[in-house]
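The file structure-v5.txt comes next; it holds compact mmCIF, C-alpha atoms.
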# COMPACT_ATOMS: atom_id res chain seq x y z
CA MET T 1 -18.82 -26.06 13.54
CA PRO T 2 -16.78 -27.72 16.29
CA ASN T 3 -18.93 -28.85 19.25
CA GLY T 4 -21.88 -27.14 17.57
CA SER T 5 -20.75 -23.67 18.66
CA GLU T 6 -18.09 -21.51 16.99
CA PRO T 7 -17.89 -21.30 13.17
CA VAL T 8 -14.65 -22.48 11.60
CA SER T 9 -12.51 -19.59 10.33
CA PRO T 10 -11.49 -20.05 6.71
CA ASP T 11 -7.88 -20.83 5.92
CA ALA T 12 -6.44 -17.60 4.51
CA SER T 13 -4.15 -19.66 2.25
CA ASP T 14 -7.06 -21.66 0.78
CA PRO T 15 -9.05 -19.51 -1.69
CA ALA T 16 -11.80 -22.17 -1.97
CA GLN T 17 -12.61 -21.76 1.72
CA LEU T 18 -12.47 -17.99 1.46
CA TRP T 19 -14.87 -18.01 -1.50
CA GLN T 20 -17.30 -20.26 0.36
CA GLN T 21 -17.44 -17.87 3.29
CA PHE T 22 -17.59 -14.74 1.15
CA VAL T 23 -20.45 -16.06 -0.98
CA ARG T 24 -22.28 -17.02 2.20
CA ASP T 25 -21.97 -13.85 4.27
CA ARG T 26 -20.29 -11.16 2.03
CA ASP T 27 -17.99 -10.33 4.94
CA VAL T 28 -15.69 -7.33 4.32
CA GLY T 29 -12.76 -9.02 6.09
CA THR T 30 -13.08 -12.15 3.94
CA ARG T 31 -13.30 -10.00 0.82
CA ASN T 32 -10.09 -8.22 1.78
CA ARG T 33 -8.30 -11.53 2.33
CA LEU T 34 -9.39 -12.66 -1.15
CA ILE T 35 -8.14 -9.38 -2.62
CA GLU T 36 -4.80 -9.81 -0.88
CA HIS T 37 -4.54 -13.43 -2.06
CA TYR T 38 -4.97 -12.42 -5.72
CA LEU T 39 -2.79 -9.30 -5.70
CA PRO T 40 0.14 -11.19 -7.31
CA LEU T 41 -2.12 -11.95 -10.31
CA CYS T 42 -3.08 -8.28 -10.39
CA ARG T 43 0.56 -7.19 -10.34
CA THR T 44 1.49 -9.61 -13.15
CA ILE T 45 -1.24 -8.27 -15.45
CA ALA T 46 -0.32 -4.67 -14.61
CA ALA T 47 3.35 -5.40 -15.34
CA MET T 48 2.51 -6.93 -18.73
CA ALA T 49 0.38 -3.92 -19.66
CA TYR T 50 3.07 -1.54 -18.43
CA GLY T 51 5.67 -3.32 -20.58
CA ARG T 52 3.52 -2.63 -23.67
CA ARG T 53 2.88 1.03 -22.85
CA GLY T 54 5.12 2.36 -25.63
CA GLY T 55 5.72 6.09 -25.18
CA LEU T 56 2.76 6.64 -22.87
CA GLN T 57 3.83 8.82 -19.94
CA VAL T 58 2.21 6.80 -17.15
CA GLU T 59 4.01 5.32 -14.16
CA PHE T 60 3.72 1.69 -13.09
CA VAL T 61 1.99 2.71 -9.86
CA ASP T 62 -0.89 4.04 -11.99
CA TYR T 63 -1.16 0.75 -13.90
CA MET T 64 -1.17 -1.07 -10.57
CA GLN T 65 -3.84 1.22 -9.17
CA CYS T 66 -6.13 0.64 -12.16
CA ALA T 67 -5.48 -3.10 -12.08
CA THR T 68 -6.20 -3.29 -8.35
CA LEU T 69 -9.53 -1.50 -8.78
CA GLY T 70 -10.45 -3.93 -11.58
CA MET T 71 -9.52 -6.89 -9.42
CA ILE T 72 -11.57 -5.54 -6.50
CA ASP T 73 -14.57 -5.28 -8.81
CA ALA T 74 -13.94 -8.84 -10.02
CA VAL T 75 -13.92 -10.18 -6.46
CA GLN T 76 -17.21 -8.40 -5.79
CA ARG T 77 -18.89 -9.84 -8.91
CA PHE T 78 -17.40 -13.34 -9.19
CA ASP T 79 -19.68 -16.35 -8.74
CA PRO T 80 -17.71 -19.58 -8.07
CA ASP T 81 -20.73 -21.68 -9.09
CA GLN T 82 -20.52 -20.54 -12.72
CA GLY T 83 -17.72 -23.01 -13.46
CA VAL T 84 -15.15 -20.39 -14.52
CA SER T 85 -11.89 -19.91 -12.65
CA PHE T 86 -11.45 -16.60 -10.88
CA ALA T 87 -8.15 -15.99 -12.72
CA SER T 88 -9.94 -16.16 -16.09
CA PHE T 89 -12.84 -14.04 -14.89
CA ALA T 90 -10.61 -11.43 -13.26
CA THR T 91 -8.06 -11.12 -16.07
CA THR T 92 -10.61 -9.64 -18.46
CA ARG T 93 -11.86 -7.16 -15.89
CA ILE T 94 -8.37 -6.14 -14.79
CA ARG T 95 -7.24 -5.50 -18.37
CA GLY T 96 -10.46 -3.60 -19.05
CA ALA T 97 -9.98 -1.46 -15.95
CA ILE T 98 -6.46 -0.57 -17.08
CA LEU T 99 -7.60 0.41 -20.58
CA ASN T 100 -10.65 2.31 -19.36
CA ASN T 101 -8.72 4.34 -16.81
CA LEU T 102 -5.50 5.07 -18.69
CA ASP T 103 -7.15 7.75 -20.82
CA SER T 104 -7.57 9.93 -17.75
CA LEU T 105 -3.98 9.24 -16.66
CA SER T 106 -2.17 9.71 -19.95
CA GLU T 107 -0.94 13.23 -19.23
CA HIS T 108 2.10 13.57 -17.01
CA TYR T 109 0.58 16.32 -14.90
CA THR T 110 -2.18 13.91 -13.87
CA GLN T 111 0.33 11.60 -12.22
CA LEU T 112 2.00 14.56 -10.55
CA SER T 113 -1.36 15.68 -9.23
CA LEU T 114 -2.04 12.21 -7.83
CA ARG T 115 1.35 12.04 -6.15
CA LYS T 116 0.93 15.48 -4.62
CA ARG T 117 -2.47 14.51 -3.27
CA MET T 118 -1.11 11.35 -1.66
CA GLU T 119 1.83 13.26 -0.17
CA LYS T 120 -0.62 15.82 1.22
CA GLU T 121 -2.65 13.00 2.78
CA ARG T 122 0.46 11.66 4.49
CA VAL T 123 1.45 15.07 5.85
CA GLU T 124 -2.08 15.62 7.18
CA SER T 125 -2.09 12.14 8.70
CA LEU T 126 1.21 12.72 10.50
CA SER T 127 0.69 16.35 11.53
CA PRO T 128 0.08 16.84 15.28
CA ARG T 129 -3.56 17.39 16.27
CA PRO T 130 -4.21 20.39 18.55
CA GLU T 131 -5.35 19.34 21.99
CA PRO T 132 -8.82 20.56 23.03
CA GLY T 133 -8.55 23.73 25.10
CA ALA T 134 -4.83 24.20 24.39
CA SER T 135 -4.23 27.79 23.24
CA ARG T 136 -0.55 27.35 22.46
CA ARG T 137 2.26 24.81 22.66
CA ARG T 138 5.56 25.14 24.41
CA LYS T 139 8.67 25.43 22.25
CA GLY T 140 9.79 21.91 23.24
CA ASP T 141 6.41 20.49 22.24
CA LEU T 142 6.65 22.13 18.83
CA LEU T 143 10.15 20.77 18.24
CA GLY T 144 9.01 17.31 19.28
CA ALA T 145 6.03 17.50 16.91
CA LEU T 146 8.34 18.59 14.08
CA ALA T 147 10.65 15.64 14.77
CA GLU T 148 7.67 13.25 14.73
CA LEU T 149 6.51 14.65 11.38
CA THR T 150 10.00 14.53 9.84
CA ILE T 151 10.57 10.92 10.86
CA GLY T 152 7.11 9.91 9.71
CA LEU T 153 7.66 11.45 6.28
CA ALA T 154 11.06 9.76 6.01
CA LEU T 155 9.38 6.43 6.70
CA SER T 156 6.75 7.23 4.08
CA HIS T 157 9.46 7.93 1.50
CA LEU T 158 11.18 4.62 2.22
CA LEU T 159 7.94 2.64 2.09
CA GLU T 160 7.01 4.18 -1.25
CA GLY T 161 10.38 3.37 -2.82
CA SER T 162 10.48 0.22 -4.88
CA GLY T 163 13.87 -0.80 -3.52
CA MET T 164 14.87 -1.92 -7.02
CA LEU T 165 18.48 -1.01 -7.64
CA ASN T 166 20.34 -0.78 -10.92
CA SER T 167 23.38 -2.99 -11.28
CA PRO T 168 26.43 -1.20 -9.86
CA ASP T 169 28.90 0.23 -12.33
CA GLU T 170 32.27 -1.49 -12.34
CA ASN T 171 34.03 1.87 -12.22
CA PRO T 172 35.57 2.31 -8.69
CA SER T 173 34.26 5.88 -8.54
CA TYR T 174 30.78 4.43 -8.05
CA ARG T 175 31.67 2.19 -5.10
CA GLN T 176 30.55 4.64 -2.43
CA GLU T 177 27.22 5.20 -4.17
CA PHE T 178 26.73 1.43 -4.44
CA TYR T 179 27.40 0.87 -0.75
CA GLU T 180 24.92 3.63 0.16
CA ALA T 181 22.34 2.13 -2.20
CA GLU T 182 22.88 -1.33 -0.72
CA GLU T 183 22.35 0.03 2.80
CA LEU T 184 19.14 1.68 1.63
CA ARG T 185 17.99 -1.58 0.03
CA GLN T 186 18.60 -3.44 3.28
CA LEU T 187 16.68 -0.82 5.25
CA ARG T 188 13.74 -1.07 2.85
CA SER T 189 13.84 -4.85 3.14
CA ARG T 190 13.73 -4.50 6.93
CA LEU T 191 10.74 -2.16 6.63
CA SER T 192 8.94 -4.65 4.38
CA ASN T 193 9.34 -7.32 7.06
CA LEU T 194 8.00 -4.92 9.70
CA VAL T 195 4.98 -4.15 7.50
CA ARG T 196 4.19 -7.87 7.20
CA ALA T 197 4.27 -8.13 11.02
CA LEU T 198 1.72 -5.34 11.54
CA PRO T 199 -1.83 -6.08 12.74
CA GLU T 200 -4.07 -6.94 9.77
CA GLN T 201 -5.85 -3.60 9.44
CA GLU T 202 -2.66 -1.52 9.67
CA ARG T 203 -0.82 -3.90 7.31
CA LEU T 204 -3.53 -3.69 4.66
CA VAL T 205 -3.72 0.12 4.82
CA ILE T 206 0.05 0.39 4.34
CA THR T 207 0.03 -2.25 1.59
CA TYR T 208 -2.84 -0.72 -0.39
CA HIS T 209 -1.54 2.85 -0.03
CA TYR T 210 2.21 2.46 -0.56
CA TYR T 211 2.64 -0.75 -2.55
CA HIS T 212 -0.49 -0.58 -4.71
CA GLY T 213 -0.99 3.15 -5.12
CA LEU T 214 -4.49 3.59 -3.65
CA ASP T 215 -5.21 6.93 -2.00
CA PHE T 216 -6.90 7.17 1.39
CA ALA T 217 -10.38 7.64 -0.11
CA GLU T 218 -10.07 4.43 -2.15
CA VAL T 219 -8.72 2.50 0.85
CA ALA T 220 -11.59 3.86 2.94
CA ARG T 221 -14.11 2.42 0.45
CA LEU T 222 -12.45 -0.98 0.76
CA PHE T 223 -12.85 -1.00 4.53
CA ASP T 224 -16.23 0.77 4.62
CA LEU T 225 -14.59 3.40 6.84
CA THR T 226 -14.16 7.16 6.62
CA ARG T 227 -11.13 8.74 4.99
CA GLY T 228 -10.30 10.29 8.37
CA ARG T 229 -10.24 6.86 10.04
CA ILE T 230 -7.87 5.52 7.36
CA SER T 231 -5.63 8.52 8.04
CA GLN T 232 -5.58 7.55 11.74
CA ILE T 233 -4.76 3.90 10.95
CA HIS T 234 -1.96 5.08 8.63
CA ARG T 235 -0.49 7.15 11.46
CA GLN T 236 -0.79 4.22 13.90
CA ALA T 237 0.89 1.87 11.45
CA LEU T 238 3.92 4.13 10.98
CA GLN T 239 4.18 4.53 14.75
CA LEU T 240 4.19 0.73 15.21
CA ILE T 241 6.88 0.38 12.52
CA ARG T 242 9.04 3.00 14.25
CA GLU T 243 8.68 1.32 17.62
CA ALA T 244 9.45 -2.12 16.19
CA HIS T 245 12.55 -0.80 14.41
CA GLY T 246 14.02 0.52 17.62
CA GLY T 247 12.52 3.93 18.37
CA VAL T 248 12.92 7.51 17.26
CA GLY T 249 16.65 7.66 17.92
CA ARG T 250 17.66 5.00 15.44
CA PHE T 251 15.51 6.39 12.64
CA ASN T 252 16.70 9.91 13.38
CA THR T 253 20.35 8.91 13.08
CA ARG T 254 19.91 6.57 10.12
CA LEU T 255 17.72 8.79 8.01
Please render this file's structure as structure tokens.
Amino acid sequence: MPNGSEPVSPDASDPAQLWQQFVRDRDVGTRNRLIEHYLPLCRTIAAMAYGRRGGLQVEFVDYMQCATLGMIDAVQRFDPDQGVSFASFATTRIRGAILNNLDSLSEHYTQLSLRKRMEKERVESLSPRPEPGASRRRKGDLLGALAELTIGLALSHLLEGSGMLNSPDENPSYRQEFYEAEELRQLRSRLSNLVRALPEQERLVITYHYYHGLDFAEVARLFDLTRGRISQIHRQALQLIREAHGGVGRFNTRL
């Protein structure tokens, strides 16, 4: 500790320092930084399993969700003093989590149910809350609330999209579609940069929900918060992204 006072914050890019702090105080914030640090390993294992899925009707987001839950469990249980690398320890648990959970996800309607639930969460998160004591809204207020909801859902759709584009066809009749797809790819790239610039809590909620397929209840368990609080943070994060991008007008005209 410098000058015998404040503790030194661990370097988020140095997993050894993060493990030292997490083993010492089991801090939720340190745990989440470790989880974020190892998400690329999680994605690699999920991608390998997804590539070997055969005819199983399960989407990659479901593989990633199972893998992320296995990796979270691995972070919770790992002991650095046992002399085994975290990658080796976690790989077994991540693969096991995928295999154990895929049985319940093998039917296509299960994925549809999950997607509908997450879409419902987003709508509820973005829907205007009635003000205490307000019996009715003016017509202008209702139109404004509808615009807010529409823009928020458009942002949600863009954040959920992978942004991966197929190679454009050489046939000239596809040029217009390619240009539109390229513009969409650039917009999604811009949104990804804005997500990385969010405050840590908002960034992690967006990352876990949209990029790693965790619903609000699962994200809430990660943060030791209520599902309702995660819904509020989700709403705040989309608002910050809109403001950073240039305001309602630009999104309304672009989307």
Checklist entry - Any idea what the distance is between CA of His209 in chain T and CA of Arg221 in chain T? => result 12.6 Å
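The spacing separating CA of Phe216 in chain T from CA of Ser231 in chain T amounts to 6.9 Å.
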Checklist entry - Which residue out of T:Ser85, T:Gln17, T:Val195, T:Tyr211 has the minimum interatomic distance to Arg43 in chain T when only C-alpha atoms are used? => result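 Closest candidate: T:Tyr211.
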Checklist entry - Looking at T:Gln82, T:Ser127, T:Ser88, T:Gln232, which one is nearest to Glu202 in chain T, with distances taken over all atoms listed in the file? => result T:Gln232
Item to check | Computed interatomic separation between CA of Ile206 in chain T and CA of Phe78 in chain T (Å) | outcome: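 So the answer is 26.0 Å.
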Checklist entry - Leaving out Ala217 in chain T and any residue of its chain fewer than 5 positions from it, which residues lie within 9 Å of it when counting all atoms listed in the file, given as a list in words? => result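 The filter keeps Leu222, Thr226, Arg227, Gly228 and Ile230 of chain T.
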Checklist entry - Counting only C-alpha atoms, what is within 9 Å of Ile98 in chain T, bar same-chain residues fewer than 2 positions away, as a PyMOL selection string? => result chain T and resi 46+49+62-67+69-70+93-96+100-102
Next on the checklist: Restricting the calculation to all atoms listed in the file: of T:His245, T:Gly213, T:Leu184, T:Leu194, which residue gets closest to Phe60 in chain T?
Outcome noted: T:Gly213
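Of the residues under consideration (T:Glu200, T:Glu59, T:Glu218, T:Asp14), T:Glu200 shows the shortest atom-to-atom contact distance to Ala237 in chain T when counting all atoms listed in the file.
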